[in-house]
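K.L.:
Got a file for you: final.pdb, PDB, C-alpha atoms.
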```pdb
ATOM      1  CA  MET A   1     -68.336 -12.551  95.126
ATOM      2  CA  SER A   2     -68.996  -8.903  94.269
ATOM      3  CA  SER A   3     -67.007  -6.137  92.608
ATOM      4  CA  ARG A   4     -65.368  -3.662  94.985
ATOM      5  CA  ILE A   5     -67.129  -0.697  93.409
ATOM      6  CA  LEU A   6     -70.362  -0.538  91.479
ATOM      7  CA  LEU A   7     -69.857  -0.264  87.744
ATOM      8  CA  SER A   8     -72.462   2.499  87.813
ATOM      9  CA  GLU A   9     -70.024   4.631  89.840
ATOM     10  CA  ILE A  10     -67.431   4.639  87.039
ATOM     11  CA  ASP A  11     -67.136   7.784  84.914
ATOM     12  CA  TRP A  12     -68.600   6.203  81.803
ATOM     13  CA  LEU A  13     -68.470   9.468  79.848
ATOM     14  CA  SER A  14     -64.670   9.375  80.231
ATOM     15  CA  VAL A  15     -64.568   5.669  79.337
ATOM     16  CA  THR A  16     -66.671   6.345  76.242
ATOM     17  CA  ALA A  17     -64.333   9.145  75.181
ATOM     18  CA  ASP A  18     -61.287   6.877  75.599
ATOM     19  CA  LEU A  19     -62.898   4.069  73.605
ATOM     20  CA  ASN A  20     -63.819   6.399  70.773
ATOM     21  CA  GLN A  21     -60.433   8.114  70.722
ATOM     22  CA  ASN A  22     -58.096   5.170  71.363
ATOM     23  CA  GLY A  23     -60.025   1.947  70.844
ATOM     24  CA  TYR A  24     -59.481   0.982  74.494
ATOM     25  CA  ALA A  25     -60.124   2.301  78.010
ATOM     26  CA  TYR A  26     -58.289   1.553  81.267
ATOM     27  CA  ILE A  27     -60.280   1.575  84.522
ATOM     28  CA  SER A  28     -58.520   0.975  87.842
ATOM     29  CA  ASP A  29     -59.814  -0.543  91.097
ATOM     30  CA  VAL A  30     -62.871  -2.332  89.723
ATOM     31  CA  LEU A  31     -62.330  -5.617  91.606
ATOM     32  CA  SER A  32     -61.114  -5.920  95.176
ATOM     33  CA  LYS A  33     -58.072  -7.986  96.146
ATOM     34  CA  GLU A  34     -60.427 -10.511  97.771
ATOM     35  CA  VAL A  35     -62.482 -10.967  94.601
ATOM     36  CA  CYS A  36     -59.315 -11.296  92.524
ATOM     37  CA  ASN A  37     -58.033 -14.005  94.859
ATOM     38  CA  GLU A  38     -61.367 -15.848  94.734
ATOM     39  CA  LEU A  39     -61.322 -15.825  90.947
ATOM     40  CA  ILE A  40     -57.746 -17.123  90.938
ATOM     41  CA  GLY A  41     -58.823 -19.872  93.346
ATOM     42  CA  ALA A  42     -61.767 -20.728  91.098
ATOM     43  CA  TYR A  43     -59.286 -21.587  88.349
ATOM     44  CA  GLU A  44     -58.687 -24.915  90.098
ATOM     45  CA  ASN A  45     -62.369 -25.928  90.199
ATOM     46  CA  PRO A  46     -62.964 -28.190  87.164
ATOM     47  CA  ASP A  47     -66.752 -28.030  87.553
ATOM     48  CA  LEU A  48     -66.796 -24.407  86.374
ATOM     49  CA  TYR A  49     -65.285 -24.939  82.925
ATOM     50  CA  ARG A  50     -66.255 -26.477  79.593
ATOM     51  CA  LYS A  51     -62.836 -26.490  77.903
ATOM     52  CA  ILE A  52     -59.121 -26.186  78.697
ATOM     53  CA  VAL A  53     -56.685 -24.863  76.083
ATOM     54  CA  VAL A  54     -52.926 -25.403  76.358
ATOM     55  CA  MET A  55     -51.560 -22.596  74.219
ATOM     56  CA  GLU A  56     -48.347 -24.157  72.954
ATOM     57  CA  ARG A  57     -50.267 -27.047  71.370
ATOM     58  CA  HIS A  58     -51.897 -24.568  69.004
ATOM     59  CA  ARG A  59     -48.977 -22.122  68.674
ATOM     60  CA  PHE A  60     -51.005 -19.506  70.541
ATOM     61  CA  GLY A  61     -48.183 -18.844  72.991
ATOM     62  CA  LEU A  62     -47.145 -20.470  76.266
ATOM     63  CA  GLY A  63     -49.717 -20.819  79.023
ATOM     64  CA  GLU A  64     -53.204 -22.147  79.626
ATOM     65  CA  TYR A  65     -56.754 -20.877  79.658
ATOM     66  CA  LYS A  66     -60.143 -22.262  80.616
ATOM     67  CA  TYR A  67     -63.550 -21.359  79.206
ATOM     68  CA  PHE A  68     -66.342 -21.118  81.753
ATOM     69  CA  ASP A  69     -69.423 -23.246  81.201
ATOM     70  CA  TYR A  70     -73.033 -22.223  81.685
ATOM     71  CA  PRO A  71     -74.361 -21.367  84.187
ATOM     72  CA  LEU A  72     -71.531 -18.865  84.625
ATOM     73  CA  LEU A  73     -69.980 -18.071  87.975
ATOM     74  CA  SER A  74     -72.159 -15.302  89.479
ATOM     75  CA  ILE A  75     -69.509 -12.539  89.398
ATOM     76  CA  VAL A  76     -68.672 -13.400  85.786
ATOM     77  CA  GLN A  77     -72.349 -13.253  84.813
ATOM     78  CA  GLN A  78     -72.784  -9.963  86.678
ATOM     79  CA  LEU A  79     -69.771  -8.328  85.062
ATOM     80  CA  ARG A  80     -70.769  -9.533  81.602
ATOM     81  CA  GLU A  81     -74.301  -8.162  81.869
ATOM     82  CA  ASP A  82     -73.417  -4.894  83.598
ATOM     83  CA  LEU A  83     -70.478  -4.043  81.336
ATOM     84  CA  TYR A  84     -72.610  -4.691  78.267
ATOM     85  CA  SER A  85     -75.234  -2.216  79.478
ATOM     86  CA  HIS A  86     -72.603   0.518  79.838
ATOM     87  CA  ILE A  87     -70.735   0.019  76.550
ATOM     88  CA  ARG A  88     -73.598  -0.952  74.241
ATOM     89  CA  ALA A  89     -74.010   2.696  73.180
ATOM     90  CA  VAL A  90     -70.378   2.808  72.026
ATOM     91  CA  ALA A  91     -70.840  -0.428  70.091
ATOM     92  CA  ASN A  92     -73.948   0.956  68.405
ATOM     93  CA  LEU A  93     -72.176   4.215  67.564
ATOM     94  CA  TRP A  94     -69.375   2.252  65.897
ATOM     95  CA  GLN A  95     -71.926   0.197  63.963
ATOM     96  CA  GLY A  96     -73.560   3.403  62.793
ATOM     97  CA  VAL A  97     -70.514   5.387  61.655
ATOM     98  CA  LEU A  98     -69.109   2.339  59.855
ATOM     99  CA  LYS A  99     -72.518   1.729  58.236
ATOM    100  CA  LEU A 100     -72.687  -1.874  59.396
ATOM    101  CA  GLY A 101     -76.449  -1.782  59.749
ATOM    102  CA  SER A 102     -77.613  -3.796  62.740
ATOM    103  CA  GLN A 103     -77.749  -2.383  66.264
ATOM    104  CA  PHE A 104     -77.224  -4.261  69.519
ATOM    105  CA  PRO A 105     -80.254  -4.891  71.763
ATOM    106  CA  ASP A 106     -80.892  -3.248  75.124
ATOM    107  CA  THR A 107     -79.846  -6.185  77.319
ATOM    108  CA  HIS A 108     -77.097  -8.760  77.185
ATOM    109  CA  GLU A 109     -79.704 -11.483  77.624
ATOM    110  CA  GLN A 110     -81.325 -10.414  74.349
ATOM    111  CA  TRP A 111     -77.941 -10.334  72.614
ATOM    112  CA  ILE A 112     -77.059 -13.853  73.803
ATOM    113  CA  GLU A 113     -80.442 -15.091  72.609
ATOM    114  CA  TYR A 114     -79.524 -13.770  69.161
ATOM    115  CA  CYS A 115     -76.076 -15.421  69.306
ATOM    116  CA  HIS A 116     -77.729 -18.732  70.167
ATOM    117  CA  SER A 117     -80.235 -18.354  67.315
ATOM    118  CA  GLN A 118     -77.209 -18.163  64.974
ATOM    119  CA  GLY A 119     -75.676 -21.360  66.362
ATOM    120  CA  GLN A 120     -73.167 -19.673  68.706
ATOM    121  CA  ILE A 121     -74.152 -21.328  71.980
ATOM    122  CA  GLU A 122     -70.900 -21.998  73.860
ATOM    123  CA  ALA A 123     -69.874 -19.694  76.717
ATOM    124  CA  THR A 124     -66.768 -17.603  76.007
ATOM    125  CA  PRO A 125     -65.735 -15.895  79.313
ATOM    126  CA  LEU A 126     -62.410 -17.383  80.393
ATOM    127  CA  ILE A 127     -59.536 -17.240  82.844
ATOM    128  CA  LEU A 128     -55.975 -17.284  81.519
ATOM    129  CA  LYS A 129     -52.916 -18.391  83.507
ATOM    130  CA  TYR A 130     -49.266 -17.712  82.626
ATOM    131  CA  GLY A 131     -46.130 -18.829  84.460
ATOM    132  CA  LYS A 132     -42.520 -17.939  83.845
ATOM    133  CA  GLY A 133     -41.871 -17.734  80.106
ATOM    134  CA  GLY A 134     -45.592 -17.531  79.341
ATOM    135  CA  PHE A 135     -46.931 -15.272  76.600
ATOM    136  CA  ASN A 136     -49.886 -14.905  74.250
ATOM    137  CA  THR A 137     -49.479 -14.128  70.558
ATOM    138  CA  LEU A 138     -51.415 -11.271  68.983
ATOM    139  CA  HIS A 139     -54.937 -12.401  68.185
ATOM    140  CA  GLN A 140     -58.671 -11.657  68.123
ATOM    141  CA  ASP A 141     -61.452 -13.529  69.954
ATOM    142  CA  MET A 142     -64.171 -13.888  67.324
ATOM    143  CA  TYR A 143     -65.640 -17.458  67.545
ATOM    144  CA  GLY A 144     -68.061 -17.072  64.629
ATOM    145  CA  GLU A 145     -69.673 -14.567  62.284
ATOM    146  CA  VAL A 146     -71.677 -12.971  65.110
ATOM    147  CA  TYR A 147     -69.595 -10.839  67.455
ATOM    148  CA  PHE A 148     -69.717  -7.838  69.772
ATOM    149  CA  PRO A 149     -67.142  -5.153  68.867
ATOM    150  CA  LEU A 150     -65.776  -4.706  72.414
ATOM    151  CA  GLN A 151     -64.456  -7.025  75.108
ATOM    152  CA  ALA A 152     -62.802  -6.720  78.515
ATOM    153  CA  ALA A 153     -59.843  -8.101  80.460
ATOM    154  CA  PHE A 154     -59.698  -7.997  84.276
ATOM    155  CA  PHE A 155     -56.236  -8.286  85.818
ATOM    156  CA  LEU A 156     -56.143 -10.464  88.935
ATOM    157  CA  ASN A 157     -52.497 -10.295  90.105
ATOM    158  CA  ASP A 158     -50.269  -7.527  91.451
ATOM    159  CA  PRO A 159     -47.663  -6.778  88.746
ATOM    160  CA  ASN A 160     -45.288  -5.403  91.379
ATOM    161  CA  THR A 161     -45.195  -8.494  93.607
ATOM    162  CA  ASP A 162     -46.782 -11.494  91.834
ATOM    163  CA  TYR A 163     -45.028 -11.408  88.459
ATOM    164  CA  GLN A 164     -42.608  -9.508  86.260
ATOM    165  CA  GLY A 165     -43.101  -8.846  82.542
ATOM    166  CA  GLY A 166     -46.427 -10.017  81.132
ATOM    167  CA  GLU A 167     -47.487  -6.637  79.777
ATOM    168  CA  PHE A 168     -50.835  -6.368  78.009
ATOM    169  CA  VAL A 169     -50.211  -5.476  74.364
ATOM    170  CA  LEU A 170     -52.608  -3.893  71.869
ATOM    171  CA  THR A 171     -51.869  -3.220  68.217
ATOM    172  CA  GLU A 172     -53.770  -1.088  65.745
ATOM    173  CA  GLN A 173     -53.362  -1.475  62.000
ATOM    174  CA  VAL A 174     -54.651   1.270  59.728
ATOM    175  CA  PRO A 175     -54.616   0.968  55.933
ATOM    176  CA  ARG A 176     -51.284   1.662  54.214
ATOM    177  CA  ALA A 177     -49.445   2.366  57.487
ATOM    178  CA  GLN A 178     -47.262   0.676  60.092
ATOM    179  CA  SER A 179     -48.982  -0.872  63.118
ATOM    180  CA  LYS A 180     -49.352   1.201  66.268
ATOM    181  CA  VAL A 181     -48.423  -0.636  69.486
ATOM    182  CA  MET A 182     -49.778   0.130  72.968
ATOM    183  CA  VAL A 183     -48.237  -1.586  76.000
ATOM    184  CA  LEU A 184     -50.078  -1.544  79.341
ATOM    185  CA  LYS A 185     -49.225  -2.929  82.774
ATOM    186  CA  PRO A 186     -52.545  -2.817  84.636
ATOM    187  CA  ASP A 187     -52.729  -3.007  88.417
ATOM    188  CA  ARG A 188     -54.568  -5.802  90.214
ATOM    189  CA  GLY A 189     -58.323  -5.267  89.999
ATOM    190  CA  ALA A 190     -58.157  -3.071  86.906
ATOM    191  CA  VAL A 191     -60.031  -3.690  83.668
ATOM    192  CA  VAL A 192     -59.147  -2.811  80.099
ATOM    193  CA  ILE A 193     -62.050  -2.571  77.661
ATOM    194  CA  PHE A 194     -60.907  -2.757  74.042
ATOM    195  CA  ALA A 195     -61.967  -3.394  70.457
ATOM    196  CA  SER A 196     -62.402  -7.062  69.669
ATOM    197  CA  ASN A 197     -62.022  -6.718  65.891
ATOM    198  CA  PHE A 198     -61.697  -3.153  64.599
ATOM    199  CA  ARG A 199     -62.619   0.384  65.597
ATOM    200  CA  PRO A 200     -63.709   3.397  63.531
ATOM    201  CA  ILE A 201     -61.294   6.232  62.778
ATOM    202  CA  LYS A 202     -62.451   9.379  60.997
ATOM    203  CA  GLY A 203     -60.500  10.219  57.866
ATOM    204  CA  SER A 204     -60.850  12.822  55.131
ATOM    205  CA  ARG A 205     -63.410  10.634  53.334
ATOM    206  CA  GLY A 206     -65.379   9.495  56.340
ATOM    207  CA  TYR A 207     -64.812   6.695  58.806
ATOM    208  CA  TYR A 208     -62.644   3.662  58.114
ATOM    209  CA  ARG A 209     -61.796   0.498  60.032
ATOM    210  CA  ALA A 210     -58.616   0.132  62.067
ATOM    211  CA  THR A 211     -57.984  -3.516  62.917
ATOM    212  CA  MET A 212     -56.940  -4.202  66.508
ATOM    213  CA  ARG A 213     -55.300  -7.262  68.066
ATOM    214  CA  HIS A 214     -54.174  -8.042  71.586
ATOM    215  CA  GLY A 215     -51.672 -10.298  73.329
ATOM    216  CA  VAL A 216     -49.380 -10.664  76.332
ATOM    217  CA  SER A 217     -45.602 -10.167  76.422
ATOM    218  CA  GLU A 218     -43.358 -12.788  78.027
ATOM    219  CA  VAL A 219     -43.694 -13.265  81.775
ATOM    220  CA  ARG A 220     -40.190 -13.109  83.242
ATOM    221  CA  SER A 221     -41.109 -14.520  86.672
ATOM    222  CA  GLY A 222     -44.115 -15.398  88.817
ATOM    223  CA  ASN A 223     -47.711 -16.165  87.824
ATOM    224  CA  ARG A 224     -50.250 -13.990  86.020
ATOM    225  CA  HIS A 225     -54.039 -14.560  85.809
ATOM    226  CA  THR A 226     -56.583 -12.654  83.743
ATOM    227  CA  LEU A 227     -60.367 -12.860  83.534
ATOM    228  CA  GLY A 228     -61.560 -12.317  79.975
ATOM    229  CA  ILE A 229     -65.124 -11.143  79.360
ATOM    230  CA  ILE A 230     -66.269 -11.700  75.786
ATOM    231  CA  PHE A 231     -69.844 -10.667  75.086
ATOM    232  CA  HIS A 232     -70.668 -12.994  72.202
ATOM    233  CA  ASP A 233     -70.791 -16.787  72.416
ATOM    234  CA  ALA A 234     -68.951 -19.369  70.294
ATOM    235  CA  LEU A 235     -69.963 -21.917  67.693
ATOM    236  CA  LYS A 236     -70.286 -25.393  69.151
TER     237      LYS A 236
END
```
Output the file's structure in the form of structure tokens.
P.N.:
Amino acid sequence: MSSRILLSEIDWLSVTADLNQNGYAYISDVLSKEVCNELIGAYENPDLYRKIVVMERHRFGLGEYKYFDYPLLSIVQQLREDLYSHIRAVANLWQGVLKLGSQFPDTHEQWIEYCHSQGQIEATPLILKYGKGGFNTLHQDMYGEVYFPLQAAFFLNDPNTDYQGGEFVLTEQVPRAQSKVMVLKPDRGAVVIFASNFRPIKGSRGYYRATMRHGVSEVRSGNRHTLGIIFHDALK
């Protein structure tokens, strides 16, 4: 498997501006239809996964997702490493303006080594599957005290032919204000990069944290699959 376009060909200056201004960035046509179909097909291969979660058992929503196991599928590993290299500067900027101290290392391999040194050793990339009536409640994917402030969702189905509903939902909560809601319907092969916990917003007294959560609205018909790339690992 390989992505349809090289991540290096994306306008990362524009992506950086969107992340800093909005807390998320939408990039179209990152994965080809063939790669999307292969990833959907890989959902049925039990050898690739370490854990299956049925959402309704935990009141997470209605649907199912599977966490990949190490060694990761090659395209998943590639996307995780390459995306990290392009968005690490944004993550470090956020750390700096919010005065959180530590900076993220140059490579994803170094970052994962740090996660593992803190006891977070379980792989976190996952594929989610929703059928009719499926949804995902608003949440964050943290998995421990160590986390990377951005994550990504790749959309593997055509929203015009494969399913109806199932919009990707982001919320932003700023202090002493109502939540802001953003509703996206990404095309097949697109990726949304977004804040995993909070993002910085500049106020009159400096920068403050705006908490962000994400979820999926109810799928009215069809099937919807998403590849989630989370850059930190989970506690065992």
K.L.:
Of the candidates A:Ala234, A:Met212, A:Tyr207, A:Val15, which shows the shortest atom-to-atom distance to Gly96 of chain A, using all atoms listed in the file?
P.N.:
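Of all the options, A:Tyr207 lies closest to Gly96 of chain A.
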K.L.:
Which value, in Å to one decimal, gives the distance between atom CA of Ala190 of chain A and atom CA of Tyr24 of chain A?
P.N.:
13.1 Å
K.L.:
Measuring atom to atom with all atoms listed in the file, identify which of A:Lys51, A:His214, A:His116, A:Lys202 is nearest to Ala152 of chain A.
P.N.:
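Ranking A:Lys51, A:His214, A:His116, A:Lys202 by distance to Ala152 of chain A, first place goes to A:His214.
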K.L.:
List, as a PyMOL selection string, every residue that the PyMOL selection byres ((chain A and resi 84) around 12) selects in the file provided.
P.N.:
chain A and resi 7-8+77-83+85-92+104-112+148-152+193+229-232
K.L.:
Determine, counting all atoms listed in the file, every residue of protein, DNA or RNA that lies within 9 Å of (-49.3, -2.6, 72.0) in the file coordinates, then give the result as a PyMOL selection string.
P.N.:
chain A and resi 167-172+180-184+213-215
K.L.:
Between atom CA of Ala210 of chain A and atom CA of Gln173 of chain A, what distance in Å does the model show, to one decimal?
P.N.:
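Atom-to-atom, atom CA of Ala210 of chain A and atom CA of Gln173 of chain A are spaced 5.5 Å apart.
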K.L.:
List the spatial neighbours of Leu156 of chain A as a VMD selection string - criterion: any atom at most 12 Å away, all atoms listed in the file, same-chain residues fewer than 2 positions off excluded.
P.N.:
chain A and resid 28 to 43 127 to 130 153 to 154 158 to 159 162 to 163 185 to 191 223 to 228
